[in-house]
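A.B. asks: Quick one: structure below, then a few questions.
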Amino acid sequence: MTAPARVPVTVLTGYLGSGKTTLLQRLLQAEGGAGTAVLINEFGEIGLDHLLVRPMAGAAVLLQNGCICCSVRSDLRSGLRGLIDARDKGEVPTFERVLVETTGLADPVPIVQTLTMDPMLRHHARLANLVATVDGRNGLDQLAHQPEAVRQAATADRLVITKTDLAPAEEIAALRQRLAQLNPLAPIIDPHACGDLWGALLGSDAFDPLSKTAEVRHWLAAADEHTHGPADGAHRHDAVHSFVFRTAHSVDWAAFAVWLSALVHRHGGKVLRIKGLLNVEGSPGPVVLNAVQHFVHQPYHLAEWPDADMSSRLVFIVQGLGAQRIRGSLLQFLGSPADAAAMAGSGER
Amino acid sequence: MCGACGILAGAPDWVEGAGVGPGAEGGAARLMERQRRIALVNRLLAPSGVHLRAFGGRLVLQSATGRTKIVTELAHVWRAADEIGRRPVDPLELARP
């Protein structure tokens with residue numbers, strides 16, 4: 001007997017007023033929306049009344065299209081556990097995925113940790129994508145002044161620019177540029193121009209066996225673009241920025257893992273994302289690495305390389321940490337002090 | 001999950017090195033891999049004055065003042081070292097000239 005598949009959980013975040021609820025409504029009404037359970041922080045805020053049919057057990061309600069909506073005031077862990085338990089007991093209709101809507105000021109990482117560290121949830125649920133909405137009218141201002149907005153955008157797997165019909169095209173273009181700079185790994189989606197919004201946000205992720213190779217290809221394209229783009233410059237000490245670590249040498253996995261473990265222990269709050277591939281000594285295919293702050297997802301092996309380039313490539317999105325310090329430290333620890341020395345004096349911090 | 005990945009996944013036997021690499025088979029090879037991984041950790045622990053060693057079947061951290069802690073998974077090593085070491089472990093110190 002095979003174990004039941006773990007239900008994918010997508011986390012929807014975004015700054016206050018950035019259009020999370022509108023996006024949620026649109027997703028639930030999309031063709032793929034049926035069979036979704038939604039967990040939200042404050043039920044009264046979401047404005048799904050027109051979709052409601054009847055209340056069910058606890059705080060859950062059944063929506064017209066068969067989705068379940070459930071309010072969670074503080075404890076996501078118990079909310080999600082209760083929902084899965086109720087499904088298994090037949091108290092609520094079965095669902096194929098869960099969407100968690102966070103409050104506008106939330107850091108999504110504790111949610112990631114809840115999902116992946118909880119002894120019960122880790123066997124029944126898996127993290128899919130972190131989706132962040134960014135306000136097309138006020139996004140640039142929020143990214144300039146609100147640290148929470150920056151961290152939400154920098155940690156996301158998918159970025160959605162909302163209200164693109166209400167802002168001048170040049171502002172949207174500037175926002176896109178800023179987001180690509182903050183988070184080169186995340187596709188930037190305009191819901192007004194996207195024919196398959198459901199597919200773009202929920203249809204594929206890095207842990208779905210059917211889509212993980214395509215997802216990794218996207219990361220590598222971002223890494224290549226970054227590598228051949230403008231050189232890393234000086235950054236304000238608290239600025240979020242990204243860079244690529246690349247080495248043509250195969251990597252000693254034990255050394256890398258020890259170093260990474262220490263890095264996220266000491267600096268996890270500043271290491272917003274790491275994604276990429278490693279050419280590991282003795283491994284026939286590449287190892288996929290995906291980390292969010294202190295949390296490192298279970299690495300996994302790909303059977304073959306997604307492109308002809310077999311060098312290790314990791315994209316780092318960090319806050320207040322210099323690219324050269326990280327590169328130099330890792331190369332030094334992996335036993336490439338010559339490469340590390342060659343970087344010295346390059347002008348990077 | 002292979003043994004190599006277990007290093008980051010909080011596996012208690014992370015130091016054994018099962019899975020990828022030539023150390024996957026044979027007691028002697030496993031012992032060598034165990035010592036190599038402990039040495040890797042000790043490179044990062046050195047500035048804090050803390051040392052990791054295998055003692056019987058256990059992993060023991062010892063500070064310069066003789067304080068000790070038994071640890072299991074790798075993430076515990078850094079937390080325990082911060083508690084008994086003279087300063088926090090920071091891998092980025094390796095990059096300093």
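Every chain in the structure tokens takes a letter, A first, then B, and so on in the order presented; its residues are numbered from 1, and the ligands are numbered from 1 following the presented order.
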As an MDAnalysis selection string, please: the residues near range 37-54 of chain B (cut-off 6 Å, only C-alpha atoms, same-chain neighbours under 6 positions excluded).
C.D. replies: chainID B and resid 60:64 85:87
A.B. asks: Taking only C-alpha atoms into account, which residues of chain A are within 8 Å of chain B, as a list in words?
C.D. replies: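 So the contacting residues turn out to be Trp253, Ala254, Ala255, Ala257, Val258, Trp259, Ser261, Ala262, Leu263, His265, Arg266, Glu281, Gly282, Ser283, Val296, His297, Gln298, Pro299, Tyr300, Gln324, Arg325, Ile326, Gly328, Ser329, Gln332, Phe333 and Ala340 of chain A.
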A.B. asks: Have a look at CA of Glu171 in chain A and CA of Leu220 in chain A and let me know their distance in Å, one decimal.
C.D. replies: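 Answer for the CA of Glu171 in chain A to CA of Leu220 in chain A separation: 28.0 Å.
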A.B. asks: Check the smallest atom-to-atom distance from each of A:Leu27, A:Leu302, A:Ala128, A:Ala144 to Pro284 in chain A using only C-alpha atoms, then report the winner.
C.D. replies: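 Going through A:Leu27, A:Leu302, A:Ala128, A:Ala144 one by one, the smallest distance to Pro284 in chain A is for A:Leu302.
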A.B. asks: Got a sec to tell me which of range 70-263 of chain A DSSP assigns to alpha helix (DSSP H), as a VMD selection string?
C.D. replies: chain A and resid 76 to 88 109 to 117 121 to 124 139 to 145 147 to 155 169 to 182 197 to 202 212 to 228 253 to 263
A.B. asks: Would you mind reading off the distance between CA of Glu96 in chain A and CA of Gln25 in chain A, one decimal, in Å?
C.D. replies: 17.5 Å
A.B. asks: Please report, as a PyMOL selection string, each residue of range 34-91 of chain B to which DSSP assigns strand (DSSP E) when run on this structure's backbone.
C.D. replies: chain B and resi 51-55+58-62+68-71
A.B. asks: Those residues you just picked out, can you put them in a file as a PDB file, in the first residue's frame with N, CA and C atoms?
C.D. replies:
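Contents of again_3.pdb, freshly written:
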```
ATOM      1  N   HIS B  51      35.587  22.242  20.615  1.00  0.00           N
ATOM      2  CA  HIS B  51      36.075  21.111  19.825  1.00  0.00           C
ATOM      3  C   HIS B  51      35.052  19.987  19.857  1.00  0.00           C
ATOM      4  N   LEU B  52      34.796  19.388  18.693  1.00  0.00           N
ATOM      5  CA  LEU B  52      33.872  18.254  18.605  1.00  0.00           C
ATOM      6  C   LEU B  52      34.682  16.968  18.510  1.00  0.00           C
ATOM      7  N   ARG B  53      34.249  15.944  19.254  1.00  0.00           N
ATOM      8  CA  ARG B  53      34.923  14.654  19.134  1.00  0.00           C
ATOM      9  C   ARG B  53      33.910  13.534  19.341  1.00  0.00           C
ATOM     10  N   ALA B  54      34.280  12.372  18.803  1.00  0.00           N
ATOM     11  CA  ALA B  54      33.452  11.189  19.032  1.00  0.00           C
ATOM     12  C   ALA B  54      33.929  10.533  20.310  1.00  0.00           C
ATOM     13  N   PHE B  55      32.981  10.207  21.178  1.00  0.00           N
ATOM     14  CA  PHE B  55      33.334   9.578  22.448  1.00  0.00           C
ATOM     15  C   PHE B  55      32.374   8.410  22.648  1.00  0.00           C
ATOM     16  N   ARG B  58      28.904   8.511  21.018  1.00  0.00           N
ATOM     17  CA  ARG B  58      28.316   9.844  21.100  1.00  0.00           C
ATOM     18  C   ARG B  58      29.239  10.916  20.531  1.00  0.00           C
ATOM     19  N   LEU B  59      28.625  12.068  20.247  1.00  0.00           N
ATOM     20  CA  LEU B  59      29.395  13.227  19.819  1.00  0.00           C
ATOM     21  C   LEU B  59      29.409  14.229  20.967  1.00  0.00           C
ATOM     22  N   VAL B  60      30.585  14.658  21.334  1.00  0.00           N
ATOM     23  CA  VAL B  60      30.728  15.530  22.496  1.00  0.00           C
ATOM     24  C   VAL B  60      31.427  16.821  22.077  1.00  0.00           C
ATOM     25  N   LEU B  61      30.849  17.939  22.495  1.00  0.00           N
ATOM     26  CA  LEU B  61      31.494  19.246  22.299  1.00  0.00           C
ATOM     27  C   LEU B  61      32.189  19.612  23.601  1.00  0.00           C
ATOM     28  N   GLN B  62      33.397  20.139  23.493  1.00  0.00           N
ATOM     29  CA  GLN B  62      34.106  20.572  24.704  1.00  0.00           C
ATOM     30  C   GLN B  62      34.697  21.959  24.465  1.00  0.00           C
ATOM     31  N   THR B  68      31.274  20.768  28.659  1.00  0.00           N
ATOM     32  CA  THR B  68      30.951  19.802  27.611  1.00  0.00           C
ATOM     33  C   THR B  68      29.448  19.751  27.358  1.00  0.00           C
ATOM     34  N   LYS B  69      29.109  19.351  26.156  1.00  0.00           N
ATOM     35  CA  LYS B  69      27.707  19.107  25.786  1.00  0.00           C
ATOM     36  C   LYS B  69      27.667  17.928  24.821  1.00  0.00           C
ATOM     37  N   ILE B  70      26.678  17.070  25.013  1.00  0.00           N
ATOM     38  CA  ILE B  70      26.458  15.985  24.056  1.00  0.00           C
ATOM     39  C   ILE B  70      25.505  16.495  22.984  1.00  0.00           C
ATOM     40  N   VAL B  71      25.840  16.237  21.716  1.00  0.00           N
ATOM     41  CA  VAL B  71      25.016  16.731  20.611  1.00  0.00           C
ATOM     42  C   VAL B  71      24.641  15.571  19.709  1.00  0.00           C
TER      43      VAL B  71
END
```
A.B. asks: Measure the distance from CA of Ser18 in chain A to CA of Arg176 in chain A in Å and round it to one decimal.
C.D. replies: 15.0 Å
